[in-house]
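Everything below belongs to target_37.txt, which stores compact mmCIF, C-alpha atoms and all ligand atoms.
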```txt
# COMPACT_ATOMS: atom_id res chain seq x y z
CA MET Z 1 70.32 36.09 20.23
CA SER Z 2 69.45 32.69 18.81
CA THR Z 3 70.94 30.96 15.80
CA VAL Z 4 67.66 31.35 13.96
CA HIS Z 5 67.63 35.06 14.70
CA ASP Z 6 71.11 35.46 13.20
CA GLU Z 7 70.21 33.35 10.18
CA VAL Z 8 67.13 35.44 9.48
CA LEU Z 9 69.07 38.68 9.59
CA ALA Z 10 71.84 37.28 7.39
CA ALA Z 11 69.27 36.12 4.85
CA ASN Z 12 67.69 39.55 4.93
CA THR Z 13 71.02 41.23 4.23
CA THR Z 14 71.35 39.09 1.10
CA TYR Z 15 67.76 39.89 0.12
CA VAL Z 16 68.36 43.63 0.46
CA ALA Z 17 71.46 43.38 -1.73
CA GLU Z 18 69.34 41.83 -4.49
CA PHE Z 19 66.19 43.89 -3.89
CA GLY Z 20 66.47 45.76 -7.20
CA ASP Z 21 63.55 47.97 -8.18
CA LYS Z 22 60.94 46.30 -5.99
CA GLY Z 23 60.84 49.43 -3.84
CA SER Z 24 58.70 51.05 -6.52
CA LEU Z 25 55.96 48.40 -6.48
CA PRO Z 26 52.45 49.76 -5.92
CA MET Z 27 50.52 48.62 -2.84
CA PRO Z 28 47.54 46.97 -4.63
CA PRO Z 29 48.31 43.38 -5.73
CA GLY Z 30 49.26 43.52 -9.40
CA ARG Z 31 47.51 40.26 -10.32
CA ARG Z 32 44.42 41.14 -8.29
CA PHE Z 33 43.93 37.96 -6.36
CA ALA Z 34 44.27 36.63 -2.83
CA ILE Z 35 45.08 33.25 -1.31
CA LEU Z 36 43.81 32.06 2.06
CA THR Z 37 45.90 29.10 3.15
CA CYS Z 38 47.41 27.21 6.10
CA MET Z 39 50.48 28.33 8.00
CA ASP Z 40 52.01 24.84 7.60
CA ALA Z 41 55.77 25.19 7.08
CA ARG Z 42 55.72 22.83 4.10
CA LEU Z 43 53.49 25.15 2.10
CA ASP Z 44 55.08 28.04 0.23
CA PRO Z 45 52.36 29.90 -1.68
CA ALA Z 46 54.91 32.03 -3.53
CA LYS Z 47 56.33 28.83 -5.01
CA TYR Z 48 53.26 26.61 -5.39
CA ALA Z 49 51.24 29.42 -6.97
CA GLY Z 50 54.03 31.28 -8.77
CA LEU Z 51 53.98 34.58 -6.92
CA ALA Z 52 56.48 37.39 -7.03
CA GLU Z 53 56.54 40.41 -4.74
CA GLY Z 54 53.59 42.64 -5.50
CA ASP Z 55 51.46 39.94 -7.16
CA ALA Z 56 48.86 38.85 -4.62
CA HIS Z 57 47.67 38.89 -1.03
CA VAL Z 58 48.45 35.78 1.01
CA ILE Z 59 46.46 35.35 4.22
CA ARG Z 60 47.61 32.52 6.43
CA ASN Z 61 46.39 30.96 9.65
CA ALA Z 62 46.22 27.50 11.22
CA GLY Z 63 44.25 25.45 8.70
CA GLY Z 64 43.68 28.24 6.19
CA ARG Z 65 40.26 28.65 7.80
CA ALA Z 66 37.74 31.36 6.97
CA SER Z 67 37.88 32.80 10.48
CA ASP Z 68 36.45 36.21 11.27
CA ASP Z 69 39.96 37.62 11.05
CA ALA Z 70 40.68 35.97 7.69
CA ILE Z 71 37.45 37.46 6.35
CA ARG Z 72 38.48 40.85 7.76
CA SER Z 73 41.64 40.65 5.64
CA LEU Z 74 39.76 39.47 2.53
CA VAL Z 75 37.28 42.32 2.82
CA ILE Z 76 40.16 44.83 2.98
CA SER Z 77 41.83 42.99 0.08
CA TYR Z 78 38.80 43.61 -2.12
CA LYS Z 79 37.29 46.82 -0.81
CA LEU Z 80 40.48 48.87 -0.59
CA LEU Z 81 43.02 47.00 -2.70
CA GLY Z 82 40.96 45.63 -5.56
CA THR Z 83 41.42 41.85 -5.60
CA LYS Z 84 38.79 40.06 -7.70
CA GLU Z 85 39.51 36.33 -7.20
CA TRP Z 86 40.14 34.45 -3.98
CA PHE Z 87 41.59 30.97 -3.46
CA VAL Z 88 40.86 28.96 -0.30
CA ILE Z 89 43.61 26.34 -0.08
CA HIS Z 90 43.69 23.70 2.65
CA HIS Z 91 46.09 20.75 2.46
CA THR Z 92 46.59 17.05 3.09
CA ASP Z 93 48.16 15.93 6.38
CA CYS Z 94 47.12 19.15 8.13
CA GLY Z 95 47.89 19.42 11.83
CA MET Z 96 44.37 20.75 12.34
CA GLU Z 97 43.10 17.20 11.74
CA THR Z 98 45.04 15.84 14.73
CA PHE Z 99 43.07 17.40 17.57
CA THR Z 100 39.72 18.76 18.66
CA ASP Z 101 38.80 21.80 20.72
CA GLU Z 102 38.38 19.53 23.75
CA ILE Z 103 41.83 17.96 23.33
CA MET Z 104 43.46 21.38 22.95
CA ARG Z 105 41.60 22.79 25.94
CA ASP Z 106 42.66 19.84 28.10
CA LEU Z 107 46.31 20.22 27.05
CA LEU Z 108 46.33 23.95 27.78
CA ARG Z 109 44.57 23.43 31.10
CA GLN Z 110 47.50 21.20 32.15
CA SER Z 111 50.38 23.39 30.98
CA LEU Z 112 51.39 25.97 28.39
CA LYS Z 113 54.48 23.98 27.28
CA THR Z 114 54.80 22.21 23.94
CA ALA Z 115 52.85 18.95 23.96
CA SER Z 116 53.94 15.72 22.30
CA VAL Z 117 52.07 13.34 20.04
CA ASP Z 118 52.30 9.60 19.48
CA ALA Z 119 50.07 6.85 18.13
CA SER Z 120 47.70 7.21 21.08
CA GLY Z 121 47.29 10.96 20.63
CA TRP Z 122 48.46 14.19 22.23
CA HIS Z 123 50.06 14.27 25.70
CA ASP Z 124 51.07 17.10 27.97
CA SER Z 125 54.08 16.51 30.18
CA GLY Z 126 54.99 20.11 30.88
CA ASP Z 127 54.96 21.72 34.30
CA GLY Z 128 51.89 23.74 35.10
CA PRO Z 129 50.20 25.95 35.59
CA GLY Z 130 48.09 25.83 32.49
CA SER Z 131 45.05 27.98 31.85
CA PRO Z 132 41.33 27.45 31.31
CA GLU Z 133 41.29 30.41 28.92
CA ALA Z 134 41.10 28.11 25.88
CA GLU Z 135 37.48 27.38 26.84
CA HIS Z 136 36.75 30.66 25.09
CA VAL Z 137 38.71 29.87 21.91
CA SER Z 138 37.41 27.97 18.91
CA PHE Z 139 40.47 26.44 17.28
CA LEU Z 140 38.61 25.74 13.98
CA THR Z 141 39.92 22.20 13.76
CA ILE Z 142 39.32 20.02 10.69
CA SER Z 143 37.86 16.50 10.55
CA ASP Z 144 37.34 16.27 6.77
CA GLN Z 145 39.46 18.34 4.38
CA PRO Z 146 37.09 18.56 1.38
CA ARG Z 147 34.24 19.45 3.72
CA SER Z 148 36.25 22.17 5.46
CA VAL Z 149 37.13 23.75 2.10
CA VAL Z 150 33.46 23.72 1.05
CA GLU Z 151 32.37 25.15 4.42
CA ASP Z 152 34.93 27.95 4.25
CA VAL Z 153 34.13 28.92 0.66
CA LYS Z 154 30.42 28.95 1.53
CA ARG Z 155 31.05 31.04 4.63
CA ILE Z 156 32.99 33.63 2.63
CA ARG Z 157 30.47 33.55 -0.25
CA SER Z 158 27.53 34.21 2.05
CA HIS Z 159 29.24 36.82 4.23
CA PRO Z 160 27.34 40.14 4.19
CA LEU Z 161 30.54 42.14 3.56
CA VAL Z 162 31.58 40.06 0.54
CA PRO Z 163 30.09 41.17 -2.79
CA GLY Z 164 28.74 38.58 -5.21
CA ASP Z 165 31.12 39.34 -8.08
CA ILE Z 166 34.26 37.90 -6.49
CA LEU Z 167 35.22 34.46 -7.79
CA ILE Z 168 36.13 32.07 -4.97
CA TYR Z 169 37.91 28.78 -5.65
CA GLY Z 170 38.45 25.83 -3.30
CA TYR Z 171 41.56 23.63 -3.45
CA ILE Z 172 43.51 21.09 -1.42
CA TYR Z 173 47.29 21.17 -1.72
CA ASP Z 174 48.88 17.71 -1.68
CA VAL Z 175 51.97 17.81 0.54
CA LYS Z 176 53.28 14.64 -1.15
CA SER Z 177 53.33 16.04 -4.69
CA GLY Z 178 52.94 19.83 -4.39
CA ARG Z 179 49.81 19.65 -6.57
CA LEU Z 180 46.71 21.77 -6.09
CA ASN Z 181 43.58 19.61 -6.40
CA GLU Z 182 40.29 21.40 -6.96
CA ILE Z 183 37.32 20.73 -4.70
CA VAL Z 184 34.63 21.09 -7.31
CA GLU Z 185 31.78 21.52 -4.82
CA ALA Z 186 33.67 24.43 -3.23
CA THR Z 187 34.47 26.18 -6.47
CA GLU Z 188 30.85 25.77 -7.58
CA ALA Z 189 29.74 27.32 -4.31
CA GLY Z 190 32.17 30.16 -4.92
CA GLN Z 191 30.91 31.15 -8.35
CA VAL Z 192 29.72 34.68 -8.93
CA SER Z 193 26.34 35.00 -7.30
ZN ZN S 201 47.71 22.85 7.93
```
Write the structure described by the file as structure tokens, please.
Amino acid sequence: MSTVHDEVLAANTTYVAEFGDKGSLPMPPGRRFAILTCMDARLDPAKYAGLAEGDAHVIRNAGGRASDDAIRSLVISYKLLGTKEWFVIHHTDCGMETFTDEIMRDLLRQSLKTASVDASGWHDSGDGPGSPEAEHVSFLTISDQPRSVVEDVKRIRSHPLVPGDILIYGYIYDVKSGRLNEIVEATEAGQVS
């Protein structure tokens, strides 16, 4: 087993010892909201948005994008578990701004190993074989953060499975300060319709 594996289990033992009465929490989020945000390791929604266990749904993927699967989770969050407000939160310095579908497909065609990045871009030095399978994957990369927040809020707002009475807000988290900055055009697009 790896060091990380042991560290995770040790941390969990401590968590269990301090778990208290959280075993009696109900399944529906107590504060009736959900956050869709990036998987970036620097972002901790529980801390930046003040969440405790049982408060809210947090849906994470690369970029915090409104993918079909993110929308699947949001629909369940509302339809079965009663959330009423959704935050779409992208962030500054997102890794999704550093590549395109074509770059990713080329890297994966060469090898499946971890690539490296420098001032001239991404490079693959791993041993093959790679795979052409990424031709069939849209990686939902980002070229403009405010625009991607607006696009994602609009996509959720106009989705046929999303009712008009959910409030949707668009924000960009600043990794330098920890601050959430509203994207007004996104929040306006996310108003009750
Ligand atoms: Zn990111």
Checklist entry - Pick the closest to Arg147 (chain Z) from Z:Val162, Z:Ala56, Z:Ala115, Z:Ala186: which is it, counting all atoms listed in the file? => result Z:Ala186
Checklist entry - Taking into account only C-alpha atoms, which residue in the set Z:Ile103, Z:Ala189, Z:Ala49, Z:Val58 is nearest to Gly164 (chain Z)? => result Z:Ala189
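Counting all atoms listed in the file, the residue from Z:Asp174, Z:Asp40, Z:Glu151, Z:Glu18 that sits nearest to ligand ZN 201 (chain S) is Z:Asp40.
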Find the residues around Leu161 (chain Z) up to 12 Å (all atoms listed in the file counted), leave out those fewer than 6 positions away in its own chain, and share them as a PDB file with C-alpha atoms, in the frame of the given file.
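Written file, around11.pdb:
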```pdb
ATOM      1  CA  ASP Z  68      36.450  36.210  11.270  1.00  0.00           C
ATOM      2  CA  ILE Z  71      37.450  37.460   6.350  1.00  0.00           C
ATOM      3  CA  ARG Z  72      38.480  40.850   7.760  1.00  0.00           C
ATOM      4  CA  SER Z  73      41.640  40.650   5.640  1.00  0.00           C
ATOM      5  CA  LEU Z  74      39.760  39.470   2.530  1.00  0.00           C
ATOM      6  CA  VAL Z  75      37.280  42.320   2.820  1.00  0.00           C
ATOM      7  CA  ILE Z  76      40.160  44.830   2.980  1.00  0.00           C
ATOM      8  CA  SER Z  77      41.830  42.990   0.080  1.00  0.00           C
ATOM      9  CA  TYR Z  78      38.800  43.610  -2.120  1.00  0.00           C
ATOM     10  CA  LYS Z  79      37.290  46.820  -0.810  1.00  0.00           C
ATOM     11  CA  ARG Z 155      31.050  31.040   4.630  1.00  0.00           C
TER      12      ARG Z 155
END
```
Item to check | Test item: residues at most 12 Å from Ala46 (chain Z), all atoms listed in the file, excluding those fewer than 3 positions along its chain, as a list in words | outcome: Ala34, Ile35, Thr37, Arg42, Leu43, Ala49, Gly50, Leu51, Ala52, Glu53, Gly54, Asp55, Ala56, His57, Val58 and Ile59 of chain Z
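Residues in contact with ligand ZN 201 (chain S) comprise Cys38, Asp40, Ala62, Gly63, Cys94, Gly95 and Met96 of chain Z, where contact means an atom-to-atom distance of at most 6 Å counting only C-alpha atoms and all ligand atoms.
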Checklist entry - What is the CA of Pro28 (chain Z)-CA of Lys47 (chain Z) distance in Å, reported with one decimal? => result 20.2 Å
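Taking only C-alpha atoms into account, Arg31 (chain Z) lies nearest to Z:Leu81 out of the set Z:Leu81, Z:Ala66, Z:Val8, Z:Val175.
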Item to check | Residue among Z:Gly20, Z:Leu25, Z:Ala134, Z:Gln191 lying closest to Ser158 (chain Z), counting only C-alpha atoms | outcome: Z:Gln191
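Closest approach to Glu85 (chain Z) among Z:Ile172, Z:Ala17, Z:Leu36, Z:Ile183 is made by Z:Leu36 (distances from all atoms listed in the file).
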Item to check | Residue neighbourhood region 167-170 of chain Z, 9 Å, all atoms listed in the file, exclusion window fewer than 2 positions, as a ChimeraX atom specification | outcome: /Z:84-90,146,149-150,152-153,156-157,164-165,172,181-193
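One distance worth recording is that between CA of Lys113 (chain Z) and CA of Asp127 (chain Z), which is 7.4 Å.
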Give me the residues near Glu133 (chain Z) as a PDB file with C-alpha atoms, in the coordinates of the input, where near means some atom within 10 Å (using all atoms listed in the file) and where sequence neighbours in that chain fewer than 4 positions away do not count.
```
ATOM      1  CA  ARG Z 105      41.600  22.790  25.940  1.00  0.00           C
ATOM      2  CA  LEU Z 108      46.330  23.950  27.780  1.00  0.00           C
ATOM      3  CA  ARG Z 109      44.570  23.430  31.100  1.00  0.00           C
ATOM      4  CA  VAL Z 137      38.710  29.870  21.910  1.00  0.00           C
TER       5      VAL Z 137
END
```
For region 90-102 of chain Z in the structure I just supplied, write out all heavy atoms - as a PDB file, in the first residue's frame.
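Result went into selection38.pdb, see below:
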```
ATOM      1  N   HIS Z  90     -16.586  28.338 -11.590  1.00  0.00           N
ATOM      2  CA  HIS Z  90     -15.319  28.044 -12.250  1.00  0.00           C
ATOM      3  C   HIS Z  90     -14.239  28.824 -11.495  1.00  0.00           C
ATOM      4  O   HIS Z  90     -14.526  29.438 -10.470  1.00  0.00           O
ATOM      5  CB  HIS Z  90     -15.377  28.418 -13.727  1.00  0.00           C
ATOM      6  CG  HIS Z  90     -16.387  27.593 -14.504  1.00  0.00           C
ATOM      7  ND1 HIS Z  90     -16.618  27.752 -15.843  1.00  0.00           N
ATOM      8  CD2 HIS Z  90     -17.244  26.617 -14.099  1.00  0.00           C
ATOM      9  CE1 HIS Z  90     -17.552  26.894 -16.241  1.00  0.00           C
ATOM     10  NE2 HIS Z  90     -17.955  26.203 -15.203  1.00  0.00           N
ATOM     11  N   HIS Z  91     -12.994  28.805 -11.975  1.00  0.00           N
ATOM     12  CA  HIS Z  91     -11.960  29.491 -11.200  1.00  0.00           C
ATOM     13  C   HIS Z  91     -10.824  29.985 -12.070  1.00  0.00           C
ATOM     14  O   HIS Z  91     -10.614  29.499 -13.188  1.00  0.00           O
ATOM     15  CB  HIS Z  91     -11.412  28.561 -10.104  1.00  0.00           C
ATOM     16  CG  HIS Z  91     -10.660  27.382 -10.640  1.00  0.00           C
ATOM     17  ND1 HIS Z  91      -9.285  27.336 -10.693  1.00  0.00           N
ATOM     18  CD2 HIS Z  91     -11.081  26.210 -11.164  1.00  0.00           C
ATOM     19  CE1 HIS Z  91      -8.902  26.174 -11.210  1.00  0.00           C
ATOM     20  NE2 HIS Z  91      -9.978  25.472 -11.516  1.00  0.00           N
ATOM     21  N   THR Z  92     -10.075  30.946 -11.548  1.00  0.00           N
ATOM     22  CA  THR Z  92      -8.903  31.462 -12.252  1.00  0.00           C
ATOM     23  C   THR Z  92      -7.820  30.388 -12.305  1.00  0.00           C
ATOM     24  O   THR Z  92      -7.774  29.481 -11.473  1.00  0.00           O
ATOM     25  CB  THR Z  92      -8.327  32.695 -11.532  1.00  0.00           C
ATOM     26  OG1 THR Z  92      -7.961  32.315 -10.190  1.00  0.00           O
ATOM     27  CG2 THR Z  92      -9.350  33.823 -11.446  1.00  0.00           C
ATOM     28  N   ASP Z  93      -6.943  30.499 -13.296  1.00  0.00           N
ATOM     29  CA  ASP Z  93      -5.804  29.580 -13.436  1.00  0.00           C
ATOM     30  C   ASP Z  93      -6.254  28.123 -13.534  1.00  0.00           C
ATOM     31  O   ASP Z  93      -5.631  27.219 -12.960  1.00  0.00           O
ATOM     32  CB  ASP Z  93      -4.825  29.753 -12.260  1.00  0.00           C
ATOM     33  CG  ASP Z  93      -3.478  29.101 -12.519  1.00  0.00           C
ATOM     34  OD1 ASP Z  93      -3.021  29.143 -13.678  1.00  0.00           O
ATOM     35  OD2 ASP Z  93      -2.892  28.540 -11.571  1.00  0.00           O
ATOM     36  N   CYS Z  94      -7.347  27.888 -14.255  1.00  0.00           N
ATOM     37  CA  CYS Z  94      -7.864  26.513 -14.377  1.00  0.00           C
ATOM     38  C   CYS Z  94      -7.050  25.734 -15.405  1.00  0.00           C
ATOM     39  O   CYS Z  94      -6.726  26.254 -16.474  1.00  0.00           O
ATOM     40  CB  CYS Z  94      -9.333  26.545 -14.797  1.00  0.00           C
ATOM     41  SG  CYS Z  94     -10.107  24.900 -14.829  1.00  0.00           S
ATOM     42  N   GLY Z  95      -6.746  24.498 -15.083  1.00  0.00           N
ATOM     43  CA  GLY Z  95      -6.016  23.638 -16.013  1.00  0.00           C
ATOM     44  C   GLY Z  95      -6.738  23.445 -17.334  1.00  0.00           C
ATOM     45  O   GLY Z  95      -6.111  23.157 -18.363  1.00  0.00           O
ATOM     46  N   MET Z  96      -8.045  23.615 -17.326  1.00  0.00           N
ATOM     47  CA  MET Z  96      -8.831  23.421 -18.546  1.00  0.00           C
ATOM     48  C   MET Z  96      -8.576  24.501 -19.587  1.00  0.00           C
ATOM     49  O   MET Z  96      -9.037  24.404 -20.715  1.00  0.00           O
ATOM     50  CB  MET Z  96     -10.320  23.367 -18.201  1.00  0.00           C
ATOM     51  CG  MET Z  96     -10.684  22.221 -17.271  1.00  0.00           C
ATOM     52  SD  MET Z  96     -10.387  20.611 -18.009  1.00  0.00           S
ATOM     53  CE  MET Z  96     -11.855  20.485 -19.033  1.00  0.00           C
ATOM     54  N   GLU Z  97      -7.848  25.564 -19.170  1.00  0.00           N
ATOM     55  CA  GLU Z  97      -7.480  26.634 -20.105  1.00  0.00           C
ATOM     56  C   GLU Z  97      -6.159  26.331 -20.804  1.00  0.00           C
ATOM     57  O   GLU Z  97      -5.727  27.095 -21.663  1.00  0.00           O
ATOM     58  CB  GLU Z  97      -7.337  27.964 -19.347  1.00  0.00           C
ATOM     59  CG  GLU Z  97      -8.615  28.430 -18.697  1.00  0.00           C
ATOM     60  CD  GLU Z  97      -8.356  29.578 -17.727  1.00  0.00           C
ATOM     61  OE1 GLU Z  97      -7.836  29.322 -16.621  1.00  0.00           O
ATOM     62  OE2 GLU Z  97      -8.678  30.721 -18.082  1.00  0.00           O
ATOM     63  N   THR Z  98      -5.476  25.257 -20.405  1.00  0.00           N
ATOM     64  CA  THR Z  98      -4.119  25.008 -20.900  1.00  0.00           C
ATOM     65  C   THR Z  98      -4.055  24.061 -22.086  1.00  0.00           C
ATOM     66  O   THR Z  98      -2.971  23.775 -22.576  1.00  0.00           O
ATOM     67  CB  THR Z  98      -3.223  24.428 -19.786  1.00  0.00           C
ATOM     68  OG1 THR Z  98      -3.673  23.088 -19.469  1.00  0.00           O
ATOM     69  CG2 THR Z  98      -3.269  25.296 -18.532  1.00  0.00           C
ATOM     70  N   PHE Z  99      -5.206  23.545 -22.520  1.00  0.00           N
ATOM     71  CA  PHE Z  99      -5.170  22.628 -23.663  1.00  0.00           C
ATOM     72  C   PHE Z  99      -6.483  22.708 -24.442  1.00  0.00           C
ATOM     73  O   PHE Z  99      -7.433  23.357 -24.011  1.00  0.00           O
ATOM     74  CB  PHE Z  99      -4.895  21.189 -23.206  1.00  0.00           C
ATOM     75  CG  PHE Z  99      -5.987  20.561 -22.358  1.00  0.00           C
ATOM     76  CD1 PHE Z  99      -6.901  19.685 -22.928  1.00  0.00           C
ATOM     77  CD2 PHE Z  99      -6.100  20.846 -21.008  1.00  0.00           C
ATOM     78  CE1 PHE Z  99      -7.906  19.094 -22.156  1.00  0.00           C
ATOM     79  CE2 PHE Z  99      -7.102  20.266 -20.226  1.00  0.00           C
ATOM     80  CZ  PHE Z  99      -8.004  19.389 -20.802  1.00  0.00           C
ATOM     81  N   THR Z 100      -6.461  22.071 -25.599  1.00  0.00           N
ATOM     82  CA  THR Z 100      -7.664  21.957 -26.425  1.00  0.00           C
ATOM     83  C   THR Z 100      -7.946  20.472 -26.631  1.00  0.00           C
ATOM     84  O   THR Z 100      -7.102  19.616 -26.323  1.00  0.00           O
ATOM     85  CB  THR Z 100      -7.449  22.596 -27.810  1.00  0.00           C
ATOM     86  OG1 THR Z 100      -6.391  21.870 -28.461  1.00  0.00           O
ATOM     87  CG2 THR Z 100      -7.070  24.075 -27.687  1.00  0.00           C
ATOM     88  N   ASP Z 101      -9.099  20.176 -27.183  1.00  0.00           N
ATOM     89  CA  ASP Z 101      -9.396  18.778 -27.514  1.00  0.00           C
ATOM     90  C   ASP Z 101      -8.311  18.184 -28.403  1.00  0.00           C
ATOM     91  O   ASP Z 101      -7.875  17.047 -28.199  1.00  0.00           O
ATOM     92  CB  ASP Z 101     -10.744  18.672 -28.249  1.00  0.00           C
ATOM     93  CG  ASP Z 101     -11.930  18.683 -27.291  1.00  0.00           C
ATOM     94  OD1 ASP Z 101     -11.719  18.557 -26.068  1.00  0.00           O
ATOM     95  OD2 ASP Z 101     -13.069  18.821 -27.782  1.00  0.00           O
ATOM     96  N   GLU Z 102      -7.848  18.968 -29.387  1.00  0.00           N
ATOM     97  CA  GLU Z 102      -6.845  18.439 -30.324  1.00  0.00           C
ATOM     98  C   GLU Z 102      -5.535  18.129 -29.621  1.00  0.00           C
ATOM     99  O   GLU Z 102      -4.897  17.102 -29.883  1.00  0.00           O
ATOM    100  CB  GLU Z 102      -6.618  19.427 -31.484  1.00  0.00           C
ATOM    101  CG  GLU Z 102      -7.618  19.262 -32.595  1.00  0.00           C
ATOM    102  CD  GLU Z 102      -7.895  17.798 -32.938  1.00  0.00           C
ATOM    103  OE1 GLU Z 102      -6.944  17.095 -33.339  1.00  0.00           O
ATOM    104  OE2 GLU Z 102      -9.040  17.343 -32.782  1.00  0.00           O
TER     105      GLU Z 102
END
```
